[in-house]
file entry-v1.txt (compact mmCIF, C-alpha atoms and all ligand atoms)
# COMPACT_ATOMS: atom_id res chain seq x y z
CA MET A 24 9.80 -17.43 -20.22
CA ARG A 25 9.86 -18.50 -16.58
CA GLU A 26 11.79 -16.17 -14.32
CA GLY A 27 12.24 -18.36 -11.26
CA HIS A 28 8.88 -18.67 -9.63
CA LEU A 29 6.60 -17.06 -12.21
CA ASP A 30 5.93 -17.45 -15.92
CA VAL A 31 6.53 -13.77 -16.54
CA GLU A 32 6.00 -13.94 -20.29
CA ALA A 33 2.52 -15.39 -19.83
CA ILE A 34 1.80 -12.84 -17.10
CA ARG A 35 2.91 -9.93 -19.29
CA ALA A 36 0.52 -11.03 -22.04
CA ASP A 37 -2.36 -10.34 -19.62
CA PHE A 38 -1.41 -6.67 -19.20
CA PRO A 39 -2.38 -4.55 -22.22
CA ALA A 40 -0.46 -1.50 -20.97
CA LEU A 41 2.82 -3.43 -21.04
CA ALA A 42 2.49 -3.94 -24.79
CA ARG A 43 2.52 -0.24 -25.58
CA THR A 44 5.41 1.92 -26.55
CA VAL A 45 6.15 5.22 -24.85
CA ARG A 46 8.59 8.06 -25.50
CA ASN A 47 10.79 7.79 -28.55
CA GLY A 48 9.00 4.57 -29.52
CA ASN A 49 10.60 2.72 -26.61
CA PRO A 50 8.78 -0.23 -25.05
CA LEU A 51 7.37 0.61 -21.64
CA ILE A 52 9.48 -0.56 -18.71
CA TYR A 53 7.11 0.00 -15.82
CA LEU A 54 8.99 0.27 -12.52
CA ASP A 55 6.39 2.30 -10.64
CA SER A 56 4.01 -0.34 -9.29
CA GLY A 57 4.57 1.00 -5.78
CA ALA A 58 2.59 4.06 -6.90
CA THR A 59 -0.02 2.07 -8.78
CA SER A 60 0.15 -1.30 -10.50
CA GLN A 61 -0.90 -2.10 -14.05
CA LYS A 62 -4.13 -4.10 -14.50
CA PRO A 63 -4.58 -7.48 -16.19
CA VAL A 64 -7.42 -8.12 -18.66
CA GLN A 65 -9.09 -10.33 -16.04
CA VAL A 66 -9.61 -7.27 -13.83
CA LEU A 67 -10.70 -5.05 -16.71
CA ASP A 68 -13.15 -7.76 -17.87
CA ALA A 69 -14.64 -8.13 -14.39
CA GLU A 70 -15.37 -4.41 -14.19
CA ARG A 71 -16.69 -4.24 -17.74
CA SER A 72 -18.90 -7.27 -17.20
CA PHE A 73 -20.38 -5.66 -14.09
CA TYR A 74 -21.36 -2.55 -16.02
CA GLU A 75 -22.57 -4.55 -19.01
CA GLN A 76 -24.60 -7.16 -17.15
CA HIS A 77 -25.21 -6.36 -13.50
CA ASN A 78 -25.23 -2.60 -13.18
CA GLY A 79 -27.67 -1.96 -10.37
CA ALA A 80 -27.03 -0.22 -7.06
CA ALA A 81 -25.93 -2.92 -4.63
CA HIS A 82 -27.89 -3.02 -1.36
CA ARG A 83 -30.64 -0.84 -2.89
CA GLY A 84 -33.51 -1.56 -5.23
CA ALA A 85 -35.88 -4.52 -5.42
CA HIS A 86 -34.83 -5.69 -8.87
CA LEU A 87 -32.62 -8.41 -10.25
CA LEU A 88 -29.70 -6.18 -11.27
CA SER A 89 -29.47 -4.72 -7.79
CA GLU A 90 -29.61 -8.22 -6.32
CA GLU A 91 -26.80 -9.39 -8.62
CA GLY A 92 -24.79 -6.27 -7.79
CA THR A 93 -25.18 -7.04 -4.10
CA GLU A 94 -24.05 -10.64 -4.61
CA ILE A 95 -20.96 -9.53 -6.50
CA TYR A 96 -20.11 -6.85 -3.94
CA GLU A 97 -20.56 -9.16 -0.96
CA GLY A 98 -18.78 -11.97 -2.83
CA ALA A 99 -15.77 -9.67 -3.23
CA ARG A 100 -15.85 -8.93 0.50
CA ALA A 101 -15.81 -12.65 1.28
CA LYS A 102 -12.94 -13.23 -1.16
CA ILE A 103 -10.83 -10.47 0.38
CA ALA A 104 -11.57 -11.85 3.84
CA ALA A 105 -10.42 -15.33 2.82
CA PHE A 106 -7.28 -13.87 1.21
CA LEU A 107 -6.34 -12.23 4.53
CA GLY A 108 -7.52 -14.94 6.93
CA ALA A 109 -10.37 -12.72 8.20
CA ASP A 110 -14.18 -12.93 8.40
CA ALA A 111 -16.26 -11.09 5.82
CA GLY A 112 -17.78 -8.91 8.57
CA GLU A 113 -14.32 -7.61 9.37
CA ILE A 114 -13.75 -6.16 5.88
CA VAL A 115 -14.77 -2.54 5.29
CA PHE A 116 -14.61 -1.07 1.79
CA THR A 117 -13.16 2.44 1.63
CA LYS A 118 -11.97 4.69 -1.16
CA SER A 119 -8.30 3.95 -0.52
CA ALA A 120 -5.71 2.99 2.08
CA THR A 121 -5.55 6.69 2.93
CA GLU A 122 -9.26 6.78 3.70
CA ALA A 123 -9.00 3.57 5.73
CA VAL A 124 -6.35 5.12 8.01
CA ASN A 125 -8.38 8.33 8.28
CA LEU A 126 -11.45 6.31 9.21
CA VAL A 127 -9.71 4.80 12.23
CA ALA A 128 -7.96 8.05 13.20
CA PHE A 129 -11.25 10.00 13.11
CA ALA A 130 -13.27 7.31 14.83
CA LEU A 131 -10.77 7.26 17.72
CA THR A 132 -11.24 11.00 18.39
CA SER A 133 -13.48 10.51 21.41
CA SER A 134 -11.30 7.71 22.86
CA VAL A 135 -8.08 9.73 23.01
CA GLY A 136 -7.24 12.77 25.11
CA PRO A 137 -4.48 14.81 26.76
CA GLY A 138 -1.89 12.56 28.41
CA ASP A 139 -2.54 9.77 25.90
CA GLU A 140 0.02 8.82 23.28
CA ILE A 141 -0.18 7.80 19.64
CA LEU A 142 2.83 5.82 18.46
CA ILE A 143 3.90 5.74 14.81
CA THR A 144 7.25 5.46 13.00
CA GLU A 145 9.53 7.82 11.16
CA MET A 146 9.34 5.67 8.03
CA GLU A 147 5.61 6.08 7.43
CA HIS A 148 4.03 7.22 4.20
CA HIS A 149 2.20 10.51 4.85
CA ALA A 150 -1.06 8.53 4.64
CA ASN A 151 -0.13 6.80 7.90
CA LEU A 152 1.40 9.86 9.51
CA VAL A 153 -0.67 13.00 8.88
CA PRO A 154 -3.99 11.46 10.08
CA TRP A 155 -2.29 10.58 13.42
CA GLN A 156 -0.73 14.03 13.70
CA GLN A 157 -4.21 15.46 13.17
CA LEU A 158 -5.72 13.10 15.76
CA ALA A 159 -3.09 14.30 18.26
CA GLN A 160 -3.88 17.93 17.44
CA ARG A 161 -7.65 17.40 17.77
CA THR A 162 -7.42 15.61 21.08
CA GLY A 163 -4.37 17.01 22.87
CA ALA A 164 -2.71 13.58 22.78
CA THR A 165 1.04 13.31 22.14
CA LEU A 166 2.49 11.86 18.96
CA ARG A 167 5.53 9.64 19.44
CA TRP A 168 7.51 7.64 16.94
CA PHE A 169 10.12 4.95 16.53
CA THR A 170 13.07 6.48 14.67
CA VAL A 171 14.91 5.09 11.68
CA LEU A 172 18.50 3.82 11.92
CA PRO A 173 21.10 4.98 9.37
CA ASP A 174 20.64 1.71 7.41
CA GLY A 175 16.92 2.48 7.07
CA ARG A 176 15.77 -0.15 9.58
CA LEU A 177 13.41 0.72 12.40
CA ASP A 178 14.76 1.34 15.88
CA VAL A 179 12.06 -0.42 17.91
CA ASP A 180 12.42 1.11 21.36
CA PRO A 181 10.01 -0.86 23.61
CA SER A 182 10.07 1.93 26.23
CA LEU A 183 7.92 4.03 23.85
CA ILE A 184 5.04 1.58 24.33
CA THR A 185 3.39 2.28 27.67
CA GLU A 186 -0.04 2.27 29.29
CA ARG A 187 -0.44 5.79 27.84
CA THR A 188 -0.22 4.42 24.27
CA LYS A 189 -3.72 4.39 22.81
CA ILE A 190 -2.89 3.26 19.27
CA VAL A 191 0.20 2.12 17.37
CA ALA A 192 0.36 2.59 13.60
CA VAL A 193 3.16 1.02 11.58
CA THR A 194 3.82 0.22 7.96
CA GLY A 195 4.05 -3.37 6.78
CA GLN A 196 6.73 -2.31 4.29
CA SER A 197 8.35 1.04 3.56
CA ASN A 198 7.39 2.44 0.17
CA VAL A 199 10.87 4.00 -0.09
CA THR A 200 13.49 1.63 1.32
CA GLY A 201 11.41 -1.56 1.11
CA VAL A 202 12.21 -2.17 4.80
CA ILE A 203 9.85 -4.66 6.43
CA PRO A 204 9.70 -3.65 10.12
CA PRO A 205 9.24 -6.31 12.82
CA VAL A 206 5.46 -5.82 12.81
CA ALA A 207 4.65 -9.03 14.73
CA GLU A 208 7.02 -8.00 17.53
CA ILE A 209 5.55 -4.48 17.64
CA ILE A 210 2.04 -5.96 17.83
CA ARG A 211 3.08 -8.24 20.68
CA LEU A 212 4.61 -5.35 22.65
CA ALA A 213 1.59 -3.13 21.99
CA HIS A 214 -0.86 -5.82 23.07
CA GLU A 215 1.09 -6.38 26.29
CA ALA A 216 0.43 -2.68 26.99
CA GLY A 217 -3.21 -2.99 25.91
CA ALA A 218 -2.82 -0.88 22.76
CA PRO A 219 -4.33 -1.82 19.39
CA VAL A 220 -2.18 -1.75 16.26
CA LEU A 221 -3.03 -0.53 12.77
CA VAL A 222 -0.80 -1.92 10.04
CA ASP A 223 -0.47 0.10 6.84
CA GLY A 224 -0.53 -2.77 4.37
CA ALA A 225 -0.46 -0.65 1.20
CA GLN A 226 2.98 -2.00 0.28
CA SER A 227 2.79 -5.40 1.97
CA VAL A 228 -0.59 -6.91 1.06
CA PRO A 229 0.13 -6.69 -2.72
CA HIS A 230 3.55 -8.31 -2.38
CA HIS A 231 3.62 -10.93 0.40
CA PRO A 232 1.23 -13.39 2.02
CA VAL A 233 -0.50 -11.52 4.87
CA ASP A 234 -2.58 -13.38 7.45
CA VAL A 235 -4.23 -10.98 9.87
CA ALA A 236 -5.15 -13.71 12.34
CA ALA A 237 -1.58 -15.02 12.54
CA LEU A 238 -0.27 -11.45 12.76
CA ASP A 239 -2.91 -10.53 15.36
CA ALA A 240 -3.25 -7.07 13.78
CA ASP A 241 -6.21 -5.04 15.04
CA PHE A 242 -6.53 -3.01 11.85
CA LEU A 243 -4.99 -3.34 8.38
CA ALA A 244 -5.37 -0.74 5.62
CA PHE A 245 -4.55 -1.20 1.93
CA SER A 246 -5.52 -0.12 -1.59
CA GLY A 247 -6.78 -2.30 -4.44
CA HIS A 248 -5.01 -0.29 -7.13
CA LYS A 249 -1.53 -1.28 -5.96
CA MET A 250 -2.41 -4.99 -6.24
CA LEU A 251 -3.65 -5.21 -9.85
CA GLY A 252 -7.12 -3.96 -8.89
CA PRO A 253 -9.03 -0.83 -9.90
CA LEU A 254 -8.41 2.65 -8.56
CA GLY A 255 -10.97 4.03 -6.15
CA LEU A 256 -11.28 1.10 -3.77
CA GLY A 257 -9.43 0.51 -0.54
CA VAL A 258 -9.92 -1.90 2.33
CA LEU A 259 -9.90 -1.58 6.08
CA TYR A 260 -9.67 -4.87 7.95
CA GLY A 261 -10.63 -4.54 11.60
CA LYS A 262 -11.07 -7.18 14.29
CA ARG A 263 -14.80 -7.48 14.88
CA ASP A 264 -14.74 -6.10 18.43
CA ARG A 265 -12.44 -3.25 17.41
CA LEU A 266 -14.78 -2.22 14.59
CA GLU A 267 -17.83 -2.55 16.83
CA ALA A 268 -16.27 -0.12 19.30
CA LEU A 269 -15.82 2.60 16.67
CA PRO A 270 -18.41 5.27 15.84
CA PRO A 271 -19.07 6.05 12.17
CA PHE A 272 -16.65 8.15 10.15
CA LEU A 273 -18.57 9.25 7.03
CA THR A 274 -22.34 9.24 7.39
CA GLY A 275 -25.32 9.09 5.03
CA GLY A 276 -27.48 6.45 3.38
CA SER A 277 -27.06 2.67 3.71
CA MET A 278 -25.21 2.82 7.04
CA ILE A 279 -28.23 3.63 9.19
CA GLU A 280 -30.67 1.58 11.27
CA VAL A 281 -33.36 4.16 12.07
CA VAL A 282 -33.38 7.84 11.06
CA ARG A 283 -35.57 10.44 12.76
CA MET A 284 -35.29 14.17 12.35
CA GLU A 285 -33.72 14.36 15.80
CA GLU A 286 -31.30 11.45 15.66
CA THR A 287 -30.07 8.35 13.87
CA THR A 288 -28.93 4.91 14.92
CA PHE A 289 -26.31 3.07 12.91
CA LEU A 290 -25.92 -0.43 11.49
CA PRO A 291 -23.24 -2.73 12.86
CA PRO A 292 -19.90 -2.97 10.98
CA PRO A 293 -19.01 -3.25 8.19
CA ASP A 294 -22.13 -1.39 6.89
CA ARG A 295 -21.71 1.32 9.55
CA PHE A 296 -18.61 2.49 7.70
CA GLU A 297 -19.93 2.28 4.13
CA PRO A 298 -22.32 5.14 3.41
CA GLY A 299 -23.62 5.68 -0.11
CA VAL A 300 -24.08 3.41 -3.13
CA PRO A 301 -21.37 0.75 -2.91
CA PRO A 302 -18.50 0.68 -5.43
CA ALA A 303 -19.49 -2.79 -6.63
CA PRO A 304 -17.72 -2.74 -10.04
CA GLN A 305 -14.46 -1.86 -8.34
CA ALA A 306 -15.07 -4.63 -5.81
CA ALA A 307 -15.62 -7.04 -8.72
CA GLY A 308 -12.31 -5.88 -10.18
CA LEU A 309 -10.48 -6.31 -6.88
CA ALA A 310 -11.94 -9.81 -6.50
CA ALA A 311 -10.57 -10.65 -9.96
CA ALA A 312 -7.18 -9.22 -8.93
CA ILE A 313 -7.17 -11.44 -5.86
CA ASP A 314 -8.03 -14.46 -7.99
CA TYR A 315 -5.15 -13.53 -10.27
CA LEU A 316 -2.64 -13.15 -7.43
CA SER A 317 -3.90 -16.29 -5.69
CA GLY A 318 -3.51 -18.18 -8.97
CA LEU A 319 0.14 -17.14 -9.06
CA GLY A 320 0.55 -17.85 -5.34
CA MET A 321 1.58 -15.03 -3.03
CA GLU A 322 4.70 -17.00 -1.99
CA ASN A 323 5.75 -17.04 -5.65
CA VAL A 324 4.95 -13.34 -6.04
CA ALA A 325 7.17 -12.56 -3.04
CA ALA A 326 9.96 -14.84 -4.29
CA HIS A 327 9.91 -13.27 -7.77
CA GLU A 328 10.14 -9.78 -6.34
CA GLU A 329 12.92 -10.84 -4.01
CA SER A 330 14.98 -12.08 -6.93
CA LEU A 331 14.39 -8.86 -8.89
CA THR A 332 15.28 -6.80 -5.82
CA ALA A 333 18.47 -8.78 -5.20
CA HIS A 334 19.41 -8.24 -8.85
CA ALA A 335 18.67 -4.49 -8.63
CA LEU A 336 20.66 -4.10 -5.41
CA ASP A 337 23.64 -5.91 -7.01
CA ALA A 338 23.40 -3.88 -10.21
CA LEU A 339 23.10 -0.52 -8.44
CA ARG A 340 25.86 -1.34 -5.97
CA GLU A 341 28.16 -1.77 -8.97
CA LEU A 342 27.49 1.79 -10.12
CA ASN A 343 29.90 4.44 -8.88
CA GLY A 344 28.18 7.52 -7.54
CA VAL A 345 24.92 5.71 -6.77
CA ARG A 346 23.75 5.33 -3.18
CA ILE A 347 20.95 2.94 -2.32
CA LEU A 348 18.68 4.19 0.47
CA GLY A 349 18.12 1.57 3.11
CA PRO A 350 19.46 -1.97 3.42
CA ASP A 351 21.44 -3.37 0.52
CA THR A 352 20.37 -6.97 1.07
CA THR A 353 16.92 -8.50 0.62
CA LYS A 354 16.65 -9.58 4.27
CA ASP A 355 13.39 -8.18 5.65
CA ARG A 356 13.23 -5.93 2.63
CA GLY A 357 10.71 -5.83 -0.20
CA GLY A 358 10.83 -4.67 -3.80
CA ALA A 359 11.19 -0.90 -3.47
CA VAL A 360 14.65 0.36 -4.38
CA ALA A 361 15.23 4.08 -3.88
CA PHE A 362 18.57 5.62 -4.70
CA GLU A 363 20.51 8.84 -5.07
CA VAL A 364 22.81 9.60 -7.99
CA ASP A 365 25.73 11.87 -7.07
CA GLY A 366 25.51 15.20 -8.85
CA VAL A 367 22.21 14.48 -10.65
CA HIS A 368 18.88 15.61 -9.23
CA PRO A 369 16.31 12.80 -8.95
CA HIS A 370 13.95 14.68 -11.26
CA ASP A 371 16.67 14.73 -13.92
CA VAL A 372 17.34 11.02 -13.41
CA GLY A 373 13.61 10.37 -13.78
CA GLN A 374 13.38 12.46 -16.91
CA VAL A 375 16.28 10.71 -18.62
CA LEU A 376 14.87 7.30 -17.67
CA ASP A 377 11.47 8.38 -19.00
CA GLU A 378 13.08 9.29 -22.34
CA LEU A 379 14.31 5.69 -22.42
CA GLY A 380 10.82 4.34 -21.67
CA ILE A 381 11.60 3.52 -18.03
CA ALA A 382 8.89 4.70 -15.62
CA VAL A 383 10.13 5.37 -12.07
CA ARG A 384 9.06 7.73 -9.32
CA THR A 385 11.08 10.72 -8.14
CA GLY A 386 10.76 13.05 -5.15
CA HIS A 387 10.11 12.22 -1.51
CA HIS A 388 7.47 9.59 -2.34
CA CYS A 389 5.09 10.94 0.35
CA ALA A 390 7.66 10.01 2.99
CA TRP A 391 9.37 13.29 3.71
CA PRO A 392 10.40 12.60 7.33
CA LEU A 393 12.03 9.34 6.22
CA HIS A 394 14.06 11.14 3.57
CA ARG A 395 15.13 13.68 6.18
CA ALA A 396 16.14 10.91 8.54
CA LEU A 397 18.26 9.35 5.79
CA GLY A 398 19.85 12.72 5.06
CA VAL A 399 18.47 13.22 1.55
CA GLN A 400 16.06 15.72 0.03
CA ALA A 401 14.62 13.38 -2.55
CA SER A 402 15.37 10.15 -4.38
CA THR A 403 14.58 8.10 -7.45
CA ARG A 404 12.60 4.92 -6.79
CA ALA A 405 12.08 1.73 -8.76
CA THR A 406 9.41 -0.70 -7.58
CA PHE A 407 8.81 -4.20 -8.92
CA TYR A 408 5.85 -6.46 -9.43
CA VAL A 409 4.78 -9.75 -10.98
CA TYR A 410 5.29 -8.60 -14.58
CA ASN A 411 8.81 -7.21 -14.23
CA THR A 412 11.81 -9.02 -15.69
CA HIS A 413 15.51 -9.23 -14.95
CA ALA A 414 16.16 -7.63 -18.34
CA GLU A 415 14.21 -4.59 -17.13
CA VAL A 416 16.42 -4.38 -14.05
CA ASP A 417 19.48 -4.37 -16.35
CA ALA A 418 17.84 -1.64 -18.44
CA LEU A 419 17.37 0.43 -15.28
CA ALA A 420 21.06 0.14 -14.36
CA GLU A 421 22.06 0.98 -17.93
CA GLY A 422 19.65 3.95 -17.90
CA ILE A 423 21.20 5.31 -14.69
CA ARG A 424 24.66 5.01 -16.26
CA TYR A 425 23.36 6.89 -19.28
CA ALA A 426 21.92 9.63 -17.04
CA GLN A 427 25.29 9.99 -15.30
CA ARG A 428 27.05 10.37 -18.67
CA PHE A 429 24.35 12.75 -19.92
CA PHE A 430 24.81 15.07 -16.94
CA GLY A 431 28.58 14.61 -16.81
CA ALA A 432 28.33 13.18 -13.31
CA ARG A 433 31.11 11.28 -11.59
CA GLN A 434 30.99 7.56 -12.42
C1 LIG B 1 3.06 2.70 2.43
C2 LIG B 1 1.87 3.41 1.84
N1 LIG B 1 0.83 3.69 2.61
C3 LIG B 1 -0.26 4.31 2.15
C4 LIG B 1 -0.35 4.69 0.82
C5 LIG B 1 -1.57 5.39 0.37
O1 LIG B 1 -2.24 4.65 -0.59
P1 LIG B 1 -3.44 5.35 -1.40
O2 LIG B 1 -2.85 6.55 -2.04
O3 LIG B 1 -3.87 4.31 -2.36
O4 LIG B 1 -4.47 5.69 -0.40
C6 LIG B 1 0.72 4.44 -0.03
C7 LIG B 1 0.68 4.89 -1.44
O5 LIG B 1 1.68 5.11 -2.07
C8 LIG B 1 1.86 3.77 0.49
O6 LIG B 1 2.91 3.49 -0.29
call {"tool": "encode", "arguments": {"input": "entry-v1.txt", "output": "structure tokens"}}
result
Amino acid sequence: MREGHLDVEAIRADFPALARTVRNGNPLIYLDSGATSQKPVQVLDAERSFYEQHNGAAHRGAHLLSEEGTEIYEGARAKIAAFLGADAGEIVFTKSATEAVNLVAFALTSSVGPGDEILITEMEHHANLVPWQQLAQRTGATLRWFTVLPDGRLDVDPSLITERTKIVAVTGQSNVTGVIPPVAEIIRLAHEAGAPVLVDGAQSVPHHPVDVAALDADFLAFSGHKMLGPLGLGVLYGKRDRLEALPPFLTGGSMIEVVRMEETTFLPPPDRFEPGVPPAPQAAGLAAAIDYLSGLGMENVAAHEESLTAHALDALRELNGVRILGPDTTKDRGGAVAFEVDGVHPHDVGQVLDELGIAVRTGHHCAWPLHRALGVQASTRATFYVYNTHAEVDALAEGIRYAQRFFGARQ
């Protein structure tokens, strides 16, 4: 069954979790990939094979298993670099996108002070907001932000970027409204003012082609688990000179040059930022995920999600008493569709959908200021990925209608 750009039936056969039934014996309709994606057998096999055949501590030990572990770990780094248009030395493995943002925010502590400004946006996930708030509090710098317009788009006010701006942090795609802000334009404006830009790629790297060189991003943070890879591994891309200018964040073994009781010198990046035994099995899994996505073609992935999103926007627009948060066209908008149902709390919507086997997310989705800006407490969110079908979008719309009837809400 081809759905436009992807052979979705063949893809679904690779994902064991999609074959299971859930509540009331219903087949699983997984519309929560924005939180974490399902994993194909290729990724599971890569991790299992690491543990079965190559389980030695990468970068440590003089034996064959350790050497193989190192090759797999460094091979994954090179693969991720190629996927993003970067050099391997510019790829730092972290625990998550959250840790990647924290790494940069902590490492900038001594470069920022009173009178300086940190510029973010009102549509950020808390992972790309709280670390900057904390940096401002630690250093006496001022936090500023681009606000969100009523349609969910970003109000890019160039006057907020000045010579006082020390760092700009912006999402590549909102995890709530799917809005894709004009990141390239923001980077250009920031660079004119001499400020580096960190892009939160947690919702963009899994879903669209991203080329850091073309984008000219200084830093890019994302998580493997939202792009078919294992949990527990994130990535920080940083331009070589930007990474070289940063002190370490977490310290310990493997990131040092010379250690004396009095002091320690540190390795150059990326090792400087990777203390401890490396998460090589997870890196093997992420490399397999990248092979999988590259095999599909990121352009095709994006096109498939766009067609599902267009379908969902049409279907939800048809429903009385349902309000879509953010733009209701797919222009500069990815596959996250959050909505409110008049008279039914999002948690109740989520519970009814769950009874039908439809997995969505409810609440503020770690983007509380954005919900406030859009005038809502909470919402229900469906997010799409390579394995979702148009029939599942119809089931979502039908499920919402059922929830409205169930709670006697206006339709
Ligand atoms: C836009 C965005 N940024 C950052 C994150 C944080 O990712 P993680 O929890 O994997 O660190 C998320 C997760 O939902 C996200 O959607």
call {"tool": "atom_distance", "arguments": {"input": "entry-v1.txt", "atom1": "atom CA of Glu297 of chain A", "atom2": "atom CA of Ile313 of chain A"}}
result
21.2 Å
call {"tool": "closest_atom_pairs", "arguments": {"input": "entry-v1.txt", "of": "chain A", "to": "ligand LIG 1 (chain B)", "cutoff": "9 Å", "atoms": "only C-alpha atoms and all ligand atoms", "output": "Markdown table"}}
result
| residue | atom | partner | partner_atom | distance |
| --- | --- | --- | --- | --- |
| A:Gly57 | CA | B:LIG1 | O5 | 6.2 |
| A:Ala58 | CA | B:LIG1 | O5 | 5.0 |
| A:Thr59 | CA | B:LIG1 | O5 | 7.6 |
| A:Lys118 | CA | B:LIG1 | O4 | 7.6 |
| A:Ser119 | CA | B:LIG1 | O4 | 4.2 |
| A:Ala120 | CA | B:LIG1 | O4 | 3.9 |
| A:Thr121 | CA | B:LIG1 | O4 | 3.6 |
| A:Glu122 | CA | B:LIG1 | O4 | 6.4 |
| A:Ala123 | CA | B:LIG1 | O4 | 7.9 |
| A:Val124 | CA | B:LIG1 | C3 | 8.5 |
| A:Met146 | CA | B:LIG1 | C1 | 8.9 |
| A:Glu147 | CA | B:LIG1 | C1 | 6.6 |
| A:His148 | CA | B:LIG1 | C1 | 5.0 |
| A:His149 | CA | B:LIG1 | C3 | 7.2 |
| A:Ala150 | CA | B:LIG1 | C3 | 5.0 |
| A:Asn151 | CA | B:LIG1 | N1 | 6.2 |
| A:Thr194 | CA | B:LIG1 | C1 | 6.1 |
| A:Gly195 | CA | B:LIG1 | C1 | 7.5 |
| A:Gln196 | CA | B:LIG1 | C1 | 6.5 |
| A:Ser197 | CA | B:LIG1 | C1 | 5.7 |
| A:Asn198 | CA | B:LIG1 | O6 | 4.6 |
| A:Val199 | CA | B:LIG1 | O6 | 8.0 |
| A:Asp223 | CA | B:LIG1 | N1 | 5.7 |
| A:Gly224 | CA | B:LIG1 | C1 | 6.8 |
| A:Ala225 | CA | B:LIG1 | C2 | 4.7 |
| A:Gln226 | CA | B:LIG1 | C1 | 5.2 |
| A:Ser227 | CA | B:LIG1 | C1 | 8.1 |
| A:Ala244 | CA | B:LIG1 | C3 | 8.0 |
| A:Phe245 | CA | B:LIG1 | O1 | 6.8 |
| A:Ser246 | CA | B:LIG1 | O3 | 4.8 |
| A:Gly247 | CA | B:LIG1 | O3 | 7.5 |
| A:His248 | CA | B:LIG1 | O3 | 6.7 |
| A:Lys249 | CA | B:LIG1 | O3 | 7.0 |
| A:Leu254 | CA | B:LIG1 | O3 | 7.9 |
| A:Gly255 | CA | B:LIG1 | O3 | 8.1 |
| A:Leu256 | CA | B:LIG1 | O3 | 8.2 |
| A:Gly257 | CA | B:LIG1 | O3 | 7.0 |
| A:His388 | CA | B:LIG1 | O5 | 7.3 |
| A:Cys389 | CA | B:LIG1 | O5 | 7.2 |
| A:Ala390 | CA | B:LIG1 | C1 | 8.7 |
call {"tool": "residues_around", "arguments": {"input": "entry-v1.txt", "residues": "Val31 of chain A", "least_positions_apart": "3", "cutoff": "9 Å", "atoms": "all atoms listed in the file", "output": "ChimeraX atom specification"}}
result
/A:24-26,28,34-36,409-412
call {"tool": "atom_distance", "arguments": {"input": "entry-v1.txt", "atom1": "atom CA of Asp37 of chain A", "atom2": "atom CA of Leu54 of chain A"}}
result
17.1 Å
call {"tool": "closest_atom_pairs", "arguments": {"input": "entry-v1.txt", "of": "segment 110-216 of chain A", "to": "segment 347-366 of chain A", "cutoff": "6 Å", "atoms": "only C-alpha atoms", "output": "tab-separated table"}}
result
residue	atom	partner	partner_atom	distance
A:Asp174	CA	A:Gly349	CA	5.0
A:Gly175	CA	A:Gly349	CA	4.2
A:Val199	CA	A:Ala361	CA	5.8
A:Thr200	CA	A:Gly349	CA	5.0
A:Gly201	CA	A:Gly357	CA	4.5
A:Val202	CA	A:Arg356	CA	4.5
A:Ile203	CA	A:Asp355	CA	5.1
call {"tool": "write_last_selection", "arguments": {"input": "entry-v1.txt", "atoms": "C-alpha atoms", "output": "short mmCIF file (atom, residue, chain, number, x, y, z; two decimals), in the coordinates of the input"}}
result
data_model
loop_
_atom_site.label_atom_id
_atom_site.label_comp_id
_atom_site.auth_asym_id
_atom_site.auth_seq_id
_atom_site.Cartn_x
_atom_site.Cartn_y
_atom_site.Cartn_z
CA ASP A 174 20.64 1.71 7.41
CA GLY A 175 16.92 2.48 7.07
CA VAL A 199 10.87 4.00 -0.09
CA THR A 200 13.49 1.63 1.32
CA GLY A 201 11.41 -1.56 1.11
CA VAL A 202 12.21 -2.17 4.80
CA ILE A 203 9.85 -4.66 6.43
#
call {"tool": "closest_residue", "arguments": {"input": "entry-v1.txt", "among": "A:Glu421, A:Glu91, A:Glu186, A:Glu145", "to": "Thr170 of chain A", "atoms": "all atoms listed in the file"}}
result
A:Glu145
call {"tool": "residues_near_point", "arguments": {"input": "entry-v1.txt", "point": "(13.4, 13.4, -19.3)", "cutoff": "12 Å", "atoms": "all atoms listed in the file", "output": "mmCIF file with C-alpha atoms, in the frame of the given file"}}
result
data_model
loop_
_atom_site.group_PDB
_atom_site.id
_atom_site.type_symbol
_atom_site.label_atom_id
_atom_site.label_comp_id
_atom_site.auth_asym_id
_atom_site.auth_seq_id
_atom_site.Cartn_x
_atom_site.Cartn_y
_atom_site.Cartn_z
ATOM 1 C CA ARG A 46 8.590 8.060 -25.500
ATOM 2 C CA ASN A 47 10.790 7.790 -28.550
ATOM 3 C CA HIS A 368 18.880 15.610 -9.230
ATOM 4 C CA PRO A 369 16.310 12.800 -8.950
ATOM 5 C CA HIS A 370 13.950 14.680 -11.260
ATOM 6 C CA ASP A 371 16.670 14.730 -13.920
ATOM 7 C CA VAL A 372 17.340 11.020 -13.410
ATOM 8 C CA GLY A 373 13.610 10.370 -13.780
ATOM 9 C CA GLN A 374 13.380 12.460 -16.910
ATOM 10 C CA VAL A 375 16.280 10.710 -18.620
ATOM 11 C CA LEU A 376 14.870 7.300 -17.670
ATOM 12 C CA ASP A 377 11.470 8.380 -19.000
ATOM 13 C CA GLU A 378 13.080 9.290 -22.340
ATOM 14 C CA LEU A 379 14.310 5.690 -22.420
ATOM 15 C CA GLY A 380 10.820 4.340 -21.670
ATOM 16 C CA ILE A 381 11.600 3.520 -18.030
ATOM 17 C CA ALA A 382 8.890 4.700 -15.620
ATOM 18 C CA VAL A 383 10.130 5.370 -12.070
ATOM 19 C CA THR A 385 11.080 10.720 -8.140
ATOM 20 C CA GLY A 422 19.650 3.950 -17.900
ATOM 21 C CA TYR A 425 23.360 6.890 -19.280
ATOM 22 C CA ALA A 426 21.920 9.630 -17.040
ATOM 23 C CA PHE A 429 24.350 12.750 -19.920
ATOM 24 C CA PHE A 430 24.810 15.070 -16.940
#
